[in-house]
Amino acid sequence: MTQVLQYNHAGQVIVCPHRGEAVPSSIVNITIQNSGGTETLAQTPATKSSFSTTLSANAAKGAKNIAVTAVTGLSVGDPFVLADSHGRTELCVASGIDTSALTIALQSRLHRAYASGNAAEGALISYTLDTSADTDTWAKRSDYSAVFECTDWTAVRAVVFRIVDGSTSNPIEFEHVRRWVQNVDIVSDDHDDPELSDCRNNAWDLIRTIIDGSADGADTDVWRDASKASVVGGLLAAAIFSLQHGHVDYAHELAGDPLMSGGLYVTYWEAFRKHQAWYDRNQDRIVDTYEPRRVTSRRVRRGL
């Protein structure tokens with residue numbers, strides 16, 4: 001998926017697509033080219049995660065928290081790799097960090113057990129781009145290729161990104177999910193984000209995939225009235241949450257089996273798709289005569 005950066009903003013982070021591996025020991029450099037092949041950023045060092053520690057206690061399969069000897073260099077949302085004594089690795093993402101207890105809450109449960117002393121290494125490589133420094137070079141509506149390379153790798157790692165003027169944010173709020181899962185506080189466990197961010201983000205990503213893949217050329221990166229997706233999105237997020245907690249029948253009642261193929265979702269999707277949408281194609285913040293169109297085609301996604 002193409003990464004989206006904001007036009008005329010500082011602190012735009014480009015993430016190297018090497019997830020699943022610990023950061024290499026050698027320097028990682030980045031070079032950026034525009035869609036015409038012109039180099040817009042000469043080779044320069046990227047930033048590597050400095051997180052490196054070991055487990056201070058055994059971690060069981062299925063655990064959602066681990067205890068470590070240090071948390072320095074790790075932030076919430078950062079990926080890191082656990083490695084057992086057999087050299088098997090697992091990518092984890094930190095969803096919470098307790099700097100006093102030296103524990104890390106994980107976004108997903110562990111696929112295998114790990115022993116005290118097993119290594120945990122940072123897996124994030126990134127570069128912070130200031131798109132406000134030169135708005136002619138870093139132009140809105142433009143596509144770029146960022147190429148990461150390192151002597152420890154046999155091949156480069158590349159990511160495509162685009163710059164837009166005010167990209168669309170997720171309109172699905174917690175209350176849109178609660179409408180469909182009113183007992184969410186009872187059903188959720190201690191490991192759930194109380195705002196159900198993962199479920200809401202997953203639902204939003206699925207809806208965007210359908211719209212962007214429609215034949216009419218809709219572009220949700222410049223969708224100016226996405227709030228209309230909040231109702232159907234909340235329903236879908238509730239179905240995802242229900243599946244995660246074993247309430248399969250209710251999830252199917254909400255969104256069908258496979259997910260997004262039936263249930264109430266289809267009824268609400270049909271109502272949603274009839275809305276006129278504004279995709280600000282030239283990003284001038286003015287509704288031009290050619291820009292409003294139906295939200296998407298009649299196609300309903302069949303399964304995850």
# chains A, B, ... in the order shown; residues from 1 in each chain; ligands from 1
$ closest_atom_pairs --of "range 61-178 of chain A" --to "range 194-203 of chain A" --cutoff "12 Å" --atoms "only C-alpha atoms" --output "CSV"
residue,atom,partner,partner_atom,distance
A:Gly77,CA,A:Asp198,CA,11.6
A:Ser95,CA,A:Asp198,CA,10.4
A:Gln107,CA,A:Asp198,CA,8.8
A:Ser108,CA,A:Asp198,CA,10.4
A:Ser169,CA,A:Asn201,CA,10.0
A:Asn170,CA,A:Asn201,CA,7.1
A:Pro171,CA,A:Arg200,CA,9.0
A:Ile172,CA,A:Arg200,CA,6.1
A:Glu173,CA,A:Arg200,CA,7.3
A:Phe174,CA,A:Glu195,CA,5.7
A:Glu175,CA,A:Glu195,CA,9.1
A:His176,CA,A:Arg200,CA,9.2
A:Val177,CA,A:Arg200,CA,7.9
A:Arg178,CA,A:Leu196,CA,9.9
$ select_by_dssp --residues "range 72-202 of chain A" --states "alpha helix (DSSP H)" --output "VMD selection string"
chain A and resid 174 to 178 184 to 187 197 to 202
$ write_last_selection --atoms "C-alpha atoms" --output "mmCIF file, in the first residue's frame"
data_model
loop_
_atom_site.group_PDB
_atom_site.id
_atom_site.type_symbol
_atom_site.label_atom_id
_atom_site.label_comp_id
_atom_site.auth_asym_id
_atom_site.auth_seq_id
_atom_site.Cartn_x
_atom_site.Cartn_y
_atom_site.Cartn_z
ATOM 1 C CA PHE A 174 -15.722 4.259 19.520
ATOM 2 C CA GLU A 175 -19.380 5.239 19.860
ATOM 3 C CA HIS A 176 -20.044 4.052 16.304
ATOM 4 C CA VAL A 177 -18.887 0.589 17.426
ATOM 5 C CA ARG A 178 -20.709 0.678 20.774
ATOM 6 C CA VAL A 184 -18.236 -3.974 24.865
ATOM 7 C CA ASP A 185 -16.973 -3.114 28.375
ATOM 8 C CA ILE A 186 -18.050 -6.535 29.614
ATOM 9 C CA VAL A 187 -16.808 -8.493 26.611
ATOM 10 C CA SER A 197 -8.424 1.328 17.812
ATOM 11 C CA ASP A 198 -7.325 -1.846 16.003
ATOM 12 C CA CYS A 199 -10.887 -2.881 15.140
ATOM 13 C CA ARG A 200 -11.783 0.618 13.982
ATOM 14 C CA ASN A 201 -8.608 0.955 11.906
ATOM 15 C CA ASN A 202 -9.058 -2.497 10.339
#
$ residues_around --residues "Gln33 in chain A" --least-positions-apart "5" --cutoff "9 Å" --atoms "only C-alpha atoms" --output "ChimeraX atom specification"
/A:38-42,143-147
$ write_last_selection --atoms "C-alpha atoms" --output "short mmCIF file (atom, residue, chain, number, x, y, z; two decimals), in the first residue's frame"
data_model
loop_
_atom_site.label_atom_id
_atom_site.label_comp_id
_atom_site.auth_asym_id
_atom_site.auth_seq_id
_atom_site.Cartn_x
_atom_site.Cartn_y
_atom_site.Cartn_z
CA THR A 38 14.80 12.63 -10.72
CA GLU A 39 16.65 12.28 -7.44
CA THR A 40 14.99 14.57 -4.89
CA LEU A 41 16.95 13.36 -1.88
CA ALA A 42 20.55 12.26 -2.28
CA ASP A 143 4.35 10.11 -6.13
CA TYR A 144 7.85 9.28 -4.90
CA SER A 145 10.00 6.20 -4.39
CA ALA A 146 12.15 5.86 -1.27
CA VAL A 147 14.92 3.28 -1.60
#
$ atom_distance --atom1 "CA of Tyr265 in chain A" --atom2 "CA of Asp221 in chain A"
23.4 Å
$ residues_around --residues "Met260 in chain A" --least-positions-apart "2" --cutoff "12 Å" --atoms "only C-alpha atoms" --output "compact mmCIF listing (two decimals) with C-alpha atoms, in the first residue's frame"
# COMPACT_ATOMS: atom_id res chain seq x y z
CA ALA A 203 -12.64 -1.66 9.36
CA LEU A 206 -11.17 -2.51 4.43
CA ILE A 207 -13.68 0.16 3.42
CA ILE A 210 -13.10 -1.28 -1.66
CA VAL A 232 -21.27 1.20 8.18
CA GLY A 233 -17.70 1.33 9.46
CA LEU A 235 -20.92 -2.00 12.18
CA LEU A 236 -17.96 -3.64 10.46
CA ALA A 237 -15.62 -2.84 13.37
CA ALA A 238 -18.15 -4.40 15.76
CA ALA A 239 -18.21 -7.56 13.64
CA ILE A 240 -14.41 -7.74 13.72
CA ALA A 251 -20.39 -11.34 13.85
CA HIS A 252 -22.05 -13.19 10.97
CA GLU A 253 -25.39 -11.55 11.81
CA LEU A 254 -23.70 -8.18 11.52
CA ALA A 255 -21.53 -8.71 8.44
CA GLY A 256 -22.10 -12.18 6.99
CA ASP A 257 -19.88 -15.21 6.51
CA PRO A 258 -17.33 -14.56 5.18
CA GLY A 262 -23.99 -10.39 4.07
CA GLY A 263 -25.86 -9.57 7.26
CA LEU A 264 -26.79 -6.02 8.17
CA TYR A 265 -23.56 -4.84 6.57
CA VAL A 266 -24.95 -5.29 3.05
CA THR A 267 -28.05 -3.23 3.85
CA TYR A 268 -26.04 -0.40 5.36
CA TRP A 269 -23.43 -0.58 2.59
CA ARG A 299 -19.45 -4.30 -5.46
CA VAL A 300 -19.46 -5.73 -1.95
CA ARG A 301 -16.23 -7.31 -0.76
CA ARG A 302 -16.40 -11.07 -0.37
CA GLY A 303 -14.47 -12.02 2.73
CA LEU A 304 -11.32 -10.68 4.36
$ closest_residue --among "A:Arg141, A:Lys48, A:Arg109, A:Arg162" --to "Gln3 in chain A" --atoms "only C-alpha atoms"
A:Arg162
$ closest_residue --among "A:Gln276, A:Ser26, A:Ser214, A:Asn34" --to "Arg293 in chain A" --atoms "only C-alpha atoms"
A:Gln276
$ residues_around --residues "Thr72 in chain A" --least-positions-apart "2" --cutoff "12 Å" --atoms "only C-alpha atoms" --output "list in words"
Ser49, Ser50, Phe51, Ser52, Thr53, Thr54, Val68, Thr69, Ala70, Leu74, Ser75, Val76, Ile97, Asp98, Thr99, Ser100, Leu102, Thr103, Ile104, Ala120, Glu121 and Gly122 of chain A
$ atom_distance --atom1 "CA of Val4 in chain A" --atom2 "CA of Asp219 in chain A"
12.1 Å
